[in-house]
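Engineer: Pasting a structure here, questions to come.
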Number of protein chains: 2
Amino acid sequence: MRDFTTDHSALALNTASLGHNLEGHGAGWSPERVIDACAERGFGGIVFWRREIGSRAAQIGARALAAGVPVVGLCRAPFLVGPLAPAGRAAVMDEFQAAIDMTADLQAPVLTIVVGGVEPGSKGVTESLKRVTERVAEAAPYAAARGVKLALEPLNPVYAGNRSCLTTTRDALDICDAIAAPNLGVAIDVYHVWWDCDLPRQLARAGQRIFGYHLCDWLAETADVLLDRGMMGDGVADLRAIRAGVEGAGYAGPCEVEVFSAQNWWRRDPAEVLDTMVARFRSLC
Amino acid sequence: MRDFTTDHSALALNTASLGHNLEGHGAGWSPERVIDACAERGFGGIVFWRREIGSRAAQIGARALAAGVPVVGLCRAPFLVGPLAPAGRAAVMDEFQAAIDMTADLQAPVLTIVVGGVEPGSKGVTESLKRVTERVAEAAPYAAARGVKLALEPLNPVYAGNRSCLTTTRDALDICDAIAAPNLGVAIDVYHVWWDCDLPRQLARAGQRIFGYHLCDWLAETADVLLDRGMMGDGVADLRAIRAGVEGAGYAGPCEVEVFSAQNWWRRDPAEVLDTMVARFRSLC
């Protein structure tokens, strides 16, 4: 395993961790200010959300690269299925393509895909996962042509109804196997997979197909399953064991901290949040 | 598969579905009144919670049997591990034995086990599951001597931190395999397992070790992961497919409706709730 105690250049910020402090809210940090704050602290990369980028992808991507904290990923493709997906197949595929384009324009290597929940009118996840597979298969060649990797992110099963009928690393790899596109892999987020006893086996199976590794912690007493994630060390996930599996499979990329925390971390000074991340990352992850 | 459209004698009430309407709350129905209401509607069984029984187990069990709605299970053993378990091994095992005794005194065949969350001071689920296995192995012979089956219930992974480090049917069967006691099996609750693509395979593996089947529905937009379960038909779980797997494995026992629903079903007249259950069970399950 990599040693982060003296080198945290693998640390990446997912801007979701600053929540209400981004432009238009609270402390009002712009993408540029976030980039500079990460650069000052030795972060190795940054991951933005599409709504923060708007039409400035090329500009922000170049700025981040010049500052030494390249954009290492983009959150995220639209929901491809389920009650929260854009209405109709054409709308989904248009937005999917726009997300791929934005990733390329940011000079980011990876677009994260959260697949969406159960298709209205159907029951269980089987039909929805089939549709996901079709849509990802259709988009993968375009992404490849633009130099973008697609990372399927399984989400905690609590979201299976509305946000992600894809709930396990096993199922994500089944989709990868079915599509067999070289630019298709998975993103492993400890919040979503920490409970899964099958994870070590699936990480070994994934091999070079791990395109992202996301950090936070699972609080034993979780007040809200969307917006009450813990900072690393404050919860019960076995972060070291999960990273051992991820790196054992061959992953050597960024470790992206993504802490949705409306009542705690989002209310703090963003500088304090970033400083805490660095300290926790070096000592606990 | 069994045909429930003309015969709902497999339907059982888990009293959790009446929530605030039980003794001491709202409509204030006593165990006897619940038994009579189930008998009037042709329910085939009833499942109580320990706090509703107190010291009247033999009396309530006999009353239910005489009314033709035998007590088919008891909720539940204490948490065996984790932050909400009784303090210390001796306290856990004493309460576990008391729950086994109450099950026997009720003349109920099955005690449900929800294992508890991650042991304080540990990370991940591995250590906690080992301790669960030790404690269940220790209790199983006593339960057998009292004629009680123990049903390990995997819970939705959203509860893994504080309520159940046991999250999948696969892991529950692994514990059953490790202990290999003839009175140890699993309870399958659609709320907890509906998302799991591995379920059909695990149900086939379970065979005769399925000791309980619990019904409700998963609402796509769930407001609260403890107290916002849906009535059958109102959510996205594929109830027929799950029952096909359960019965395909050989299960022919009660189908126990357990709808925790603080803002909806618990606020209604309990008679309406029971009538709705019968109608939904006959047409949708």
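Going through the structure tokens in order, the chains are called A, B, and so on, while each chain numbers its residues from 1 and the ligands are numbered from 1 in the order shown.
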Taking only C-alpha atoms into account, what are the residues of chain A at most 8 Å from chain B, put as a PyMOL selection string?

Structural biologist: chain A and resi 117-118+122-126+156-158+160-162+165+167+171+194-197+218-221+225+236-238

Engineer: Just want the 7 Å neighbourhood of B:Phe48, counted on only C-alpha atoms, with same-chain residues fewer than 6 positions away dropped. Output as a list of chain:residue names.

Structural biologist: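 Residues near the query, excluding close chain neighbours: B:Asn14, B:Thr15, B:Leu74, B:Cys75.
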
Engineer: Convert the current residue selection to file output with N, CA and C atoms, as an mmCIF file, in the first residue's frame.

Structural biologist:
data_model
loop_
_atom_site.group_PDB
_atom_site.id
_atom_site.type_symbol
_atom_site.label_atom_id
_atom_site.label_comp_id
_atom_site.auth_asym_id
_atom_site.auth_seq_id
_atom_site.Cartn_x
_atom_site.Cartn_y
_atom_site.Cartn_z
ATOM 1 N N ASN B 14 -47.542 -9.187 11.551
ATOM 2 C CA ASN B 14 -46.532 -8.748 12.515
ATOM 3 C C ASN B 14 -47.105 -7.483 13.143
ATOM 4 N N THR B 15 -47.230 -7.486 14.439
ATOM 5 C CA THR B 15 -47.933 -6.384 15.109
ATOM 6 C C THR B 15 -47.262 -5.032 14.926
ATOM 7 N N LEU B 74 -41.673 -14.687 17.102
ATOM 8 C CA LEU B 74 -41.485 -13.612 18.071
ATOM 9 C C LEU B 74 -40.372 -12.696 17.584
ATOM 10 N N CYS B 75 -40.637 -11.392 17.662
ATOM 11 C CA CYS B 75 -39.618 -10.367 17.420
ATOM 12 C C CYS B 75 -39.168 -9.861 18.765
#

Engineer: Please indicate the distance in Å from atom CA of B:Met1 to atom CA of B:Trp49, rounded to one decimal place.

Structural biologist: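 Atom-to-atom, atom CA of B:Met1 to atom CA of B:Trp49, that is 29.2 Å.
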
Engineer: Skipping near chain neighbours, those fewer than 6 positions away, what residues fall within 12 Å of B:Glu95 using only C-alpha atoms, listed as a PyMOL selection string?

Structural biologist: chain B and resi 50+76-80+85-89+101-102+135+139

Engineer: Near B:Thr5, within 12 Å and counting only C-alpha atoms, which residues show up once chain neighbours fewer than 4 positions away are dropped, as a PDB file with all heavy atoms, in the first residue's frame?

Structural biologist:
ATOM      1  N   MET B   1     -46.014 -21.971  -7.211  1.00  0.00           N
ATOM      2  CA  MET B   1     -46.302 -21.008  -6.137  1.00  0.00           C
ATOM      3  C   MET B   1     -47.718 -21.190  -5.608  1.00  0.00           C
ATOM      4  O   MET B   1     -48.639 -21.518  -6.351  1.00  0.00           O
ATOM      5  CB  MET B   1     -46.157 -19.571  -6.683  1.00  0.00           C
ATOM      6  CG  MET B   1     -44.732 -19.081  -6.746  1.00  0.00           C
ATOM      7  SD  MET B   1     -44.596 -17.481  -7.598  1.00  0.00           S
ATOM      8  CE  MET B   1     -45.266 -16.336  -6.372  1.00  0.00           C
ATOM      9  N   SER B   9     -54.852 -18.022   4.105  1.00  0.00           N
ATOM     10  CA  SER B   9     -54.508 -18.586   5.416  1.00  0.00           C
ATOM     11  C   SER B   9     -53.005 -18.541   5.686  1.00  0.00           C
ATOM     12  O   SER B   9     -52.568 -18.761   6.814  1.00  0.00           O
ATOM     13  CB  SER B   9     -55.017 -20.017   5.538  1.00  0.00           C
ATOM     14  OG  SER B   9     -54.438 -20.841   4.539  1.00  0.00           O
ATOM     15  N   ALA B  10     -52.193 -18.242   4.664  1.00  0.00           N
ATOM     16  CA  ALA B  10     -50.749 -18.093   4.891  1.00  0.00           C
ATOM     17  C   ALA B  10     -50.403 -16.704   5.416  1.00  0.00           C
ATOM     18  O   ALA B  10     -49.275 -16.455   5.832  1.00  0.00           O
ATOM     19  CB  ALA B  10     -49.983 -18.350   3.592  1.00  0.00           C
ATOM     20  N   LEU B  11     -51.368 -15.802   5.410  1.00  0.00           N
ATOM     21  CA  LEU B  11     -51.111 -14.421   5.840  1.00  0.00           C
ATOM     22  C   LEU B  11     -50.962 -14.342   7.363  1.00  0.00           C
ATOM     23  O   LEU B  11     -51.796 -14.877   8.110  1.00  0.00           O
ATOM     24  CB  LEU B  11     -52.285 -13.534   5.388  1.00  0.00           C
ATOM     25  CG  LEU B  11     -52.286 -12.069   5.835  1.00  0.00           C
ATOM     26  CD1 LEU B  11     -51.066 -11.317   5.322  1.00  0.00           C
ATOM     27  CD2 LEU B  11     -53.580 -11.392   5.354  1.00  0.00           C
ATOM     28  N   VAL B 278     -55.226  -7.822   3.881  1.00  0.00           N
ATOM     29  CA  VAL B 278     -55.863  -9.009   3.293  1.00  0.00           C
ATOM     30  C   VAL B 278     -56.073  -8.799   1.796  1.00  0.00           C
ATOM     31  O   VAL B 278     -55.721  -9.656   0.968  1.00  0.00           O
ATOM     32  CB  VAL B 278     -57.217  -9.312   3.985  1.00  0.00           C
ATOM     33  CG1 VAL B 278     -57.966 -10.411   3.237  1.00  0.00           C
ATOM     34  CG2 VAL B 278     -56.992  -9.709   5.442  1.00  0.00           C
ATOM     35  N   ALA B 279     -56.600  -7.628   1.441  1.00  0.00           N
ATOM     36  CA  ALA B 279     -56.878  -7.360   0.021  1.00  0.00           C
ATOM     37  C   ALA B 279     -55.584  -7.350  -0.803  1.00  0.00           C
ATOM     38  O   ALA B 279     -55.535  -7.969  -1.882  1.00  0.00           O
ATOM     39  CB  ALA B 279     -57.600  -6.015  -0.104  1.00  0.00           C
ATOM     40  N   ARG B 280     -54.569  -6.667  -0.308  1.00  0.00           N
ATOM     41  CA  ARG B 280     -53.305  -6.607  -1.047  1.00  0.00           C
ATOM     42  C   ARG B 280     -52.654  -7.991  -1.129  1.00  0.00           C
ATOM     43  O   ARG B 280     -52.071  -8.353  -2.146  1.00  0.00           O
ATOM     44  CB  ARG B 280     -52.344  -5.631  -0.362  1.00  0.00           C
ATOM     45  CG  ARG B 280     -52.831  -4.189  -0.290  1.00  0.00           C
ATOM     46  CD  ARG B 280     -52.717  -3.451  -1.603  1.00  0.00           C
ATOM     47  NE  ARG B 280     -53.172  -2.074  -1.454  1.00  0.00           N
ATOM     48  CZ  ARG B 280     -52.375  -1.027  -1.198  1.00  0.00           C
ATOM     49  NH1 ARG B 280     -51.063  -1.193  -1.059  1.00  0.00           N
ATOM     50  NH2 ARG B 280     -52.868   0.187  -1.073  1.00  0.00           N
ATOM     51  N   PHE B 281     -52.724  -8.728  -0.033  1.00  0.00           N
ATOM     52  CA  PHE B 281     -52.096 -10.051  -0.014  1.00  0.00           C
ATOM     53  C   PHE B 281     -52.743 -10.955  -1.050  1.00  0.00           C
ATOM     54  O   PHE B 281     -52.056 -11.661  -1.796  1.00  0.00           O
ATOM     55  CB  PHE B 281     -52.239 -10.659   1.385  1.00  0.00           C
ATOM     56  CG  PHE B 281     -51.528 -11.968   1.562  1.00  0.00           C
ATOM     57  CD1 PHE B 281     -50.141 -12.021   1.623  1.00  0.00           C
ATOM     58  CD2 PHE B 281     -52.238 -13.162   1.665  1.00  0.00           C
ATOM     59  CE1 PHE B 281     -49.479 -13.236   1.787  1.00  0.00           C
ATOM     60  CE2 PHE B 281     -51.585 -14.372   1.825  1.00  0.00           C
ATOM     61  CZ  PHE B 281     -50.202 -14.412   1.889  1.00  0.00           C
ATOM     62  N   ARG B 282     -54.041 -10.922  -1.146  1.00  0.00           N
ATOM     63  CA  ARG B 282     -54.737 -11.800  -2.093  1.00  0.00           C
ATOM     64  C   ARG B 282     -54.471 -11.387  -3.541  1.00  0.00           C
ATOM     65  O   ARG B 282     -54.416 -12.238  -4.422  1.00  0.00           O
ATOM     66  CB  ARG B 282     -56.240 -11.791  -1.807  1.00  0.00           C
ATOM     67  CG  ARG B 282     -56.579 -12.477  -0.485  1.00  0.00           C
ATOM     68  CD  ARG B 282     -58.059 -12.343  -0.140  1.00  0.00           C
ATOM     69  NE  ARG B 282     -58.910 -13.187  -0.962  1.00  0.00           N
ATOM     70  CZ  ARG B 282     -59.586 -14.244  -0.499  1.00  0.00           C
ATOM     71  NH1 ARG B 282     -59.524 -14.577   0.773  1.00  0.00           N
ATOM     72  NH2 ARG B 282     -60.339 -14.962  -1.307  1.00  0.00           N
ATOM     73  N   SER B 283     -54.310 -10.098  -3.781  1.00  0.00           N
ATOM     74  CA  SER B 283     -54.219  -9.644  -5.182  1.00  0.00           C
ATOM     75  C   SER B 283     -52.793  -9.379  -5.672  1.00  0.00           C
ATOM     76  O   SER B 283     -52.528  -9.434  -6.876  1.00  0.00           O
ATOM     77  CB  SER B 283     -55.049  -8.360  -5.359  1.00  0.00           C
ATOM     78  OG  SER B 283     -54.545  -7.338  -4.529  1.00  0.00           O
ATOM     79  N   LEU B 284     -51.848  -9.110  -4.776  1.00  0.00           N
ATOM     80  CA  LEU B 284     -50.558  -8.577  -5.237  1.00  0.00           C
ATOM     81  C   LEU B 284     -49.325  -9.361  -4.805  1.00  0.00           C
ATOM     82  O   LEU B 284     -48.228  -9.111  -5.314  1.00  0.00           O
ATOM     83  CB  LEU B 284     -50.383  -7.138  -4.724  1.00  0.00           C
ATOM     84  CG  LEU B 284     -51.332  -6.094  -5.296  1.00  0.00           C
ATOM     85  CD1 LEU B 284     -51.185  -4.788  -4.536  1.00  0.00           C
ATOM     86  CD2 LEU B 284     -51.061  -5.884  -6.785  1.00  0.00           C
ATOM     87  N   CYS B 285     -49.464 -10.262  -3.848  1.00  0.00           N
ATOM     88  CA  CYS B 285     -48.256 -10.849  -3.249  1.00  0.00           C
ATOM     89  C   CYS B 285     -47.892 -12.211  -3.807  1.00  0.00           C
ATOM     90  O   CYS B 285     -46.872 -12.784  -3.430  1.00  0.00           O
ATOM     91  CB  CYS B 285     -48.432 -10.942  -1.744  1.00  0.00           C
ATOM     92  SG  CYS B 285     -48.548  -9.310  -1.015  1.00  0.00           S
TER      93      CYS B 285
END

Engineer: Would you list the contacts of stretch 249-260 of chain A as a list in words, taking every protein, DNA or RNA residue within 6 Å and counting only C-alpha atoms, but skipping same-chain residues closer than 3 positions in sequence?

Structural biologist: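 The contact residues come out as Ala10, Leu11, Ala12, Leu13, Asn14, Ala16, Ser17, Ala204, Gly207, Gln208, Tyr213, His214, Leu215, Cys216, Leu227, Arg229 and Val246 of chain A.
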
Engineer: Can I get the selection written as a short mmCIF file (atom, residue, chain, number, x, y, z; two decimals), in the first residue's frame, with N, CA, C and O atoms?

Structural biologist:
data_model
loop_
_atom_site.label_atom_id
_atom_site.label_comp_id
_atom_site.auth_asym_id
_atom_site.auth_seq_id
_atom_site.Cartn_x
_atom_site.Cartn_y
_atom_site.Cartn_z
N ALA A 10 -1.77 11.98 -3.47
CA ALA A 10 -2.88 11.19 -4.03
C ALA A 10 -4.23 11.76 -3.60
O ALA A 10 -5.28 11.33 -4.10
N LEU A 11 -4.23 12.69 -2.68
CA LEU A 11 -5.48 13.24 -2.16
C LEU A 11 -6.15 14.16 -3.18
O LEU A 11 -5.52 15.05 -3.74
N ALA A 12 -7.43 13.92 -3.41
CA ALA A 12 -8.21 14.78 -4.32
C ALA A 12 -9.45 15.27 -3.59
O ALA A 12 -10.01 14.57 -2.75
N LEU A 13 -9.85 16.47 -3.91
CA LEU A 13 -11.09 17.02 -3.34
C LEU A 13 -12.24 16.79 -4.29
O LEU A 13 -12.17 17.18 -5.46
N ASN A 14 -13.30 16.19 -3.79
CA ASN A 14 -14.58 16.28 -4.50
C ASN A 14 -15.29 17.49 -3.90
O ASN A 14 -15.50 17.55 -2.68
N ALA A 16 -18.15 18.40 -3.56
CA ALA A 16 -19.34 18.17 -2.74
C ALA A 16 -19.02 18.33 -1.26
O ALA A 16 -19.90 18.66 -0.46
N SER A 17 -17.76 18.13 -0.90
CA SER A 17 -17.37 18.22 0.51
C SER A 17 -17.44 19.64 1.05
O SER A 17 -17.44 19.85 2.26
N ALA A 204 -10.58 -7.78 -6.37
CA ALA A 204 -9.58 -8.60 -7.07
C ALA A 204 -10.04 -8.88 -8.50
O ALA A 204 -9.25 -8.84 -9.45
N GLY A 207 -9.56 -5.74 -10.92
CA GLY A 207 -8.23 -5.49 -11.49
C GLY A 207 -8.09 -4.06 -11.96
O GLY A 207 -8.41 -3.12 -11.23
N GLN A 208 -7.64 -3.88 -13.17
CA GLN A 208 -7.36 -2.54 -13.71
C GLN A 208 -8.62 -1.75 -14.03
O GLN A 208 -8.54 -0.63 -14.56
N TYR A 213 -11.59 6.02 -6.64
CA TYR A 213 -11.71 5.56 -5.24
C TYR A 213 -12.14 6.76 -4.40
O TYR A 213 -11.44 7.77 -4.36
N HIS A 214 -13.30 6.66 -3.76
CA HIS A 214 -13.90 7.78 -3.05
C HIS A 214 -13.89 7.53 -1.55
O HIS A 214 -14.28 6.46 -1.09
N LEU A 215 -13.49 8.55 -0.82
CA LEU A 215 -13.34 8.44 0.62
C LEU A 215 -14.34 9.30 1.39
O LEU A 215 -14.64 10.42 0.98
N CYS A 216 -14.79 8.80 2.50
CA CYS A 216 -15.50 9.52 3.54
C CYS A 216 -15.60 8.51 4.67
O CYS A 216 -14.70 7.68 4.81
N LEU A 227 -27.22 13.32 3.29
CA LEU A 227 -26.40 14.48 3.65
C LEU A 227 -25.80 14.39 5.05
O LEU A 227 -25.58 15.41 5.70
N ARG A 229 -22.83 12.28 5.79
CA ARG A 229 -21.63 11.44 5.72
C ARG A 229 -20.60 11.92 6.73
O ARG A 229 -20.58 13.09 7.11
N VAL A 246 -8.36 -2.19 -2.90
CA VAL A 246 -8.35 -1.36 -4.11
C VAL A 246 -6.94 -1.30 -4.70
O VAL A 246 -6.74 -1.48 -5.92
#

Engineer: Could you pull out the residues in stretch 76-276 of chain A that DSSP calls strand (DSSP E) from the backbone, as a compact mmCIF listing (two decimals) with N, CA, C and O atoms, in the first residue's frame?

Structural biologist:
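Result file is part-v2.txt:
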# COMPACT_ATOMS: atom_id res chain seq x y z
N VAL A 110 -11.95 10.90 -16.18
CA VAL A 110 -13.04 10.01 -15.77
C VAL A 110 -14.35 10.75 -15.55
O VAL A 110 -14.39 11.79 -14.89
N LEU A 111 -15.42 10.18 -16.08
CA LEU A 111 -16.78 10.63 -15.78
C LEU A 111 -17.46 9.56 -14.91
O LEU A 111 -17.52 8.39 -15.29
N THR A 112 -17.95 9.98 -13.77
CA THR A 112 -18.65 9.05 -12.86
C THR A 112 -20.10 8.90 -13.31
O THR A 112 -20.76 9.88 -13.68
N ILE A 113 -20.57 7.65 -13.25
CA ILE A 113 -21.96 7.38 -13.61
C ILE A 113 -22.71 6.83 -12.40
O ILE A 113 -22.36 5.79 -11.85
N LYS A 149 -12.88 8.01 -19.74
CA LYS A 149 -13.25 6.74 -19.12
C LYS A 149 -14.58 6.91 -18.39
O LYS A 149 -14.84 7.97 -17.81
N LEU A 150 -15.38 5.87 -18.39
CA LEU A 150 -16.67 5.88 -17.68
C LEU A 150 -16.56 4.99 -16.46
O LEU A 150 -16.19 3.81 -16.57
N ALA A 151 -16.90 5.54 -15.28
CA ALA A 151 -16.81 4.77 -14.05
C ALA A 151 -18.20 4.54 -13.46
O ALA A 151 -18.84 5.48 -12.98
N LEU A 152 -18.66 3.31 -13.50
CA LEU A 152 -19.95 2.95 -12.91
C LEU A 152 -19.80 2.90 -11.40
O LEU A 152 -18.97 2.14 -10.88
N LEU A 184 -14.49 1.37 -19.88
CA LEU A 184 -15.55 1.22 -18.88
C LEU A 184 -15.03 0.47 -17.66
O LEU A 184 -14.46 -0.61 -17.77
N GLY A 185 -15.24 1.07 -16.49
CA GLY A 185 -14.82 0.44 -15.24
C GLY A 185 -15.74 0.86 -14.11
O GLY A 185 -16.90 1.21 -14.33
N VAL A 186 -15.22 0.84 -12.89
CA VAL A 186 -16.04 1.12 -11.72
C VAL A 186 -15.39 2.19 -10.84
O VAL A 186 -14.18 2.41 -10.89
N ALA A 187 -16.23 2.83 -10.04
CA ALA A 187 -15.75 3.72 -8.98
C ALA A 187 -16.14 3.08 -7.65
O ALA A 187 -17.28 2.64 -7.49
N ILE A 188 -15.20 3.03 -6.74
CA ILE A 188 -15.43 2.42 -5.43
C ILE A 188 -15.51 3.52 -4.39
O ILE A 188 -14.53 4.24 -4.17
N ASP A 189 -16.68 3.66 -3.76
CA ASP A 189 -16.89 4.69 -2.75
C ASP A 189 -17.13 3.98 -1.42
O ASP A 189 -18.08 3.20 -1.29
N ILE A 210 -10.71 -0.50 -11.92
CA ILE A 210 -11.07 0.50 -10.90
C ILE A 210 -10.60 1.87 -11.39
O ILE A 210 -9.40 2.11 -11.51
N PHE A 211 -11.54 2.74 -11.68
CA PHE A 211 -11.22 4.07 -12.25
C PHE A 211 -11.35 5.19 -11.22
O PHE A 211 -11.05 6.35 -11.53
N GLY A 212 -11.82 4.87 -10.02
CA GLY A 212 -11.96 5.91 -9.01
C GLY A 212 -12.10 5.30 -7.63
O GLY A 212 -12.63 4.19 -7.49
N TYR A 213 -11.59 6.02 -6.64
CA TYR A 213 -11.71 5.56 -5.24
C TYR A 213 -12.14 6.76 -4.40
O TYR A 213 -11.44 7.77 -4.36
N HIS A 214 -13.30 6.66 -3.76
CA HIS A 214 -13.90 7.78 -3.05
C HIS A 214 -13.89 7.53 -1.55
O HIS A 214 -14.28 6.46 -1.09
N LEU A 215 -13.49 8.55 -0.82
CA LEU A 215 -13.34 8.44 0.62
C LEU A 215 -14.34 9.30 1.39
O LEU A 215 -14.64 10.42 0.98
N CYS A 255 -7.35 9.52 -4.50
CA CYS A 255 -8.29 9.17 -3.45
C CYS A 255 -9.12 10.42 -3.20
O CYS A 255 -8.62 11.43 -2.68
N GLU A 256 -10.37 10.32 -3.61
CA GLU A 256 -11.22 11.51 -3.73
C GLU A 256 -12.13 11.63 -2.52
O GLU A 256 -12.97 10.76 -2.29
N VAL A 257 -11.99 12.69 -1.76
CA VAL A 257 -12.79 12.84 -0.54
C VAL A 257 -14.11 13.52 -0.87
O VAL A 257 -14.14 14.64 -1.37

Engineer: I need the alpha helix (DSSP H) residues of stretch 83-171 of chain B per DSSP on the backbone, written as an MDAnalysis selection string.

Structural biologist: chainID B and resid 89:105 126:145 169:171

Engineer: In Å to one decimal, how far is atom CA of A:Val72 from atom CA of A:Pro182?

Structural biologist: 18.4 Å

Engineer: Residues near stretch 261-267 of chain A, anyone? I mean within 8 Å using only C-alpha atoms, not counting same-chain ones fewer than 3 positions away, as a list in words.

Structural biologist: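 Using only C-alpha atoms, the neighbours found are Ser17, Leu18, Gly19, His20, Asn21, Leu227, Asp228, Arg229, Gly230, Pro270 and Val273 of chain A.
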
Engineer: Include N, CA and C atoms and write out the residues we just selected as a PDB file, in the first residue's frame.

Structural biologist:
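And here is the file that came out, result_29.pdb:
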ATOM      1  N   SER A  17     -17.758  18.126  -0.901  1.00  0.00           N
ATOM      2  CA  SER A  17     -17.369  18.219   0.514  1.00  0.00           C
ATOM      3  C   SER A  17     -17.438  19.641   1.053  1.00  0.00           C
ATOM      4  N   LEU A  18     -17.471  20.628   0.161  1.00  0.00           N
ATOM      5  CA  LEU A  18     -17.576  22.019   0.623  1.00  0.00           C
ATOM      6  C   LEU A  18     -19.019  22.521   0.581  1.00  0.00           C
ATOM      7  N   GLY A  19     -19.877  21.742  -0.035  1.00  0.00           N
ATOM      8  CA  GLY A  19     -21.320  21.976   0.003  1.00  0.00           C
ATOM      9  C   GLY A  19     -21.772  23.405  -0.082  1.00  0.00           C
ATOM     10  N   HIS A  20     -22.368  23.877   0.985  1.00  0.00           N
ATOM     11  CA  HIS A  20     -22.997  25.197   0.997  1.00  0.00           C
ATOM     12  C   HIS A  20     -21.996  26.342   0.891  1.00  0.00           C
ATOM     13  N   ASN A  21     -20.705  26.022   0.871  1.00  0.00           N
ATOM     14  CA  ASN A  21     -19.710  27.097   0.827  1.00  0.00           C
ATOM     15  C   ASN A  21     -19.268  27.451  -0.587  1.00  0.00           C
ATOM     16  N   LEU A 227     -27.223  13.320   3.289  1.00  0.00           N
ATOM     17  CA  LEU A 227     -26.397  14.480   3.653  1.00  0.00           C
ATOM     18  C   LEU A 227     -25.795  14.391   5.052  1.00  0.00           C
ATOM     19  N   ASP A 228     -25.497  13.191   5.507  1.00  0.00           N
ATOM     20  CA  ASP A 228     -24.854  13.058   6.812  1.00  0.00           C
ATOM     21  C   ASP A 228     -23.690  12.070   6.748  1.00  0.00           C
ATOM     22  N   ARG A 229     -22.825  12.278   5.795  1.00  0.00           N
ATOM     23  CA  ARG A 229     -21.627  11.440   5.721  1.00  0.00           C
ATOM     24  C   ARG A 229     -20.595  11.917   6.734  1.00  0.00           C
ATOM     25  N   GLY A 230     -19.743  11.002   7.149  1.00  0.00           N
ATOM     26  CA  GLY A 230     -18.703  11.348   8.103  1.00  0.00           C
ATOM     27  C   GLY A 230     -17.365  11.630   7.430  1.00  0.00           C
ATOM     28  N   PRO A 270     -14.502  26.573   4.890  1.00  0.00           N
ATOM     29  CA  PRO A 270     -13.938  25.612   3.927  1.00  0.00           C
ATOM     30  C   PRO A 270     -12.443  25.368   4.142  1.00  0.00           C
ATOM     31  N   VAL A 273     -12.153  22.715   6.667  1.00  0.00           N
ATOM     32  CA  VAL A 273     -12.533  21.410   6.111  1.00  0.00           C
ATOM     33  C   VAL A 273     -11.361  20.821   5.315  1.00  0.00           C
TER      34      VAL A 273
END

Engineer: I'd like the interatomic distance between atom CA of A:Ala27 and atom CA of A:Glu272, to a tenth of an Å.

Structural biologist: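 Straight-line distance from atom CA of A:Ala27 to atom CA of A:Glu272 works out to 12.2 Å.
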
Engineer: Neighbouring residues of B:Pro70 were defined as those with any atom within 10 Å, considering only C-alpha atoms; residues of the same chain fewer than 6 positions away were excluded. Please report them as a list in words.

Structural biologist: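 Final neighbour list, sorted by chain and number: Ala12, Ile35, Ala39, Phe43, Gly44, Gly45, Ile46, Val47, Ile60, Gly61, Ala62, Arg63, Ala64, Leu106, Gln107, Ala108 and Pro109 of chain B.
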
Engineer: Please produce a file of those selected residues containing N, CA and C atoms, as a short mmCIF file (atom, residue, chain, number, x, y, z; two decimals), in the first residue's frame.

Structural biologist:
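Okay, this is what ended up in selection11.cif:
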data_model
loop_
_atom_site.label_atom_id
_atom_site.label_comp_id
_atom_site.auth_asym_id
_atom_site.auth_seq_id
_atom_site.Cartn_x
_atom_site.Cartn_y
_atom_site.Cartn_z
N ALA B 12 -49.89 -13.70 7.79
CA ALA B 12 -49.68 -13.48 9.23
C ALA B 12 -49.46 -11.99 9.48
N ILE B 35 -55.53 -10.33 18.32
CA ILE B 35 -55.77 -11.74 17.97
C ILE B 35 -57.18 -11.91 17.40
N ALA B 39 -58.31 -13.12 13.70
CA ALA B 39 -59.15 -14.32 13.53
C ALA B 39 -60.38 -14.00 12.68
N PHE B 43 -56.74 -14.36 9.07
CA PHE B 43 -55.27 -14.46 9.14
C PHE B 43 -54.90 -15.85 9.67
N GLY B 44 -53.77 -16.36 9.22
CA GLY B 44 -53.35 -17.69 9.67
C GLY B 44 -52.36 -17.66 10.82
N GLY B 45 -51.89 -16.48 11.21
CA GLY B 45 -50.90 -16.44 12.29
C GLY B 45 -50.62 -15.02 12.71
N ILE B 46 -49.85 -14.89 13.77
CA ILE B 46 -49.54 -13.57 14.31
C ILE B 46 -48.13 -13.60 14.90
N VAL B 47 -47.46 -12.48 14.78
CA VAL B 47 -46.10 -12.35 15.33
C VAL B 47 -46.09 -11.14 16.25
N ILE B 60 -51.11 -15.59 26.39
CA ILE B 60 -51.35 -15.03 25.05
C ILE B 60 -51.17 -16.11 23.98
N GLY B 61 -50.16 -16.94 24.15
CA GLY B 61 -49.95 -18.02 23.18
C GLY B 61 -51.15 -18.96 23.11
N ALA B 62 -51.69 -19.32 24.27
CA ALA B 62 -52.85 -20.23 24.31
C ALA B 62 -54.08 -19.56 23.70
N ARG B 63 -54.24 -18.29 24.01
CA ARG B 63 -55.39 -17.53 23.49
C ARG B 63 -55.34 -17.46 21.96
N ALA B 64 -54.15 -17.21 21.43
CA ALA B 64 -54.00 -17.12 19.98
C ALA B 64 -54.29 -18.46 19.31
N LEU B 106 -44.85 -18.96 24.28
CA LEU B 106 -45.90 -18.53 23.35
C LEU B 106 -46.35 -19.67 22.43
N GLN B 107 -45.64 -20.81 22.51
CA GLN B 107 -45.83 -21.93 21.58
C GLN B 107 -45.54 -21.50 20.14
N ALA B 108 -44.61 -20.57 20.01
CA ALA B 108 -44.21 -20.08 18.68
C ALA B 108 -42.99 -20.86 18.20
N PRO B 109 -42.93 -21.18 16.93
CA PRO B 109 -41.82 -22.00 16.44
C PRO B 109 -40.51 -21.24 16.21
#
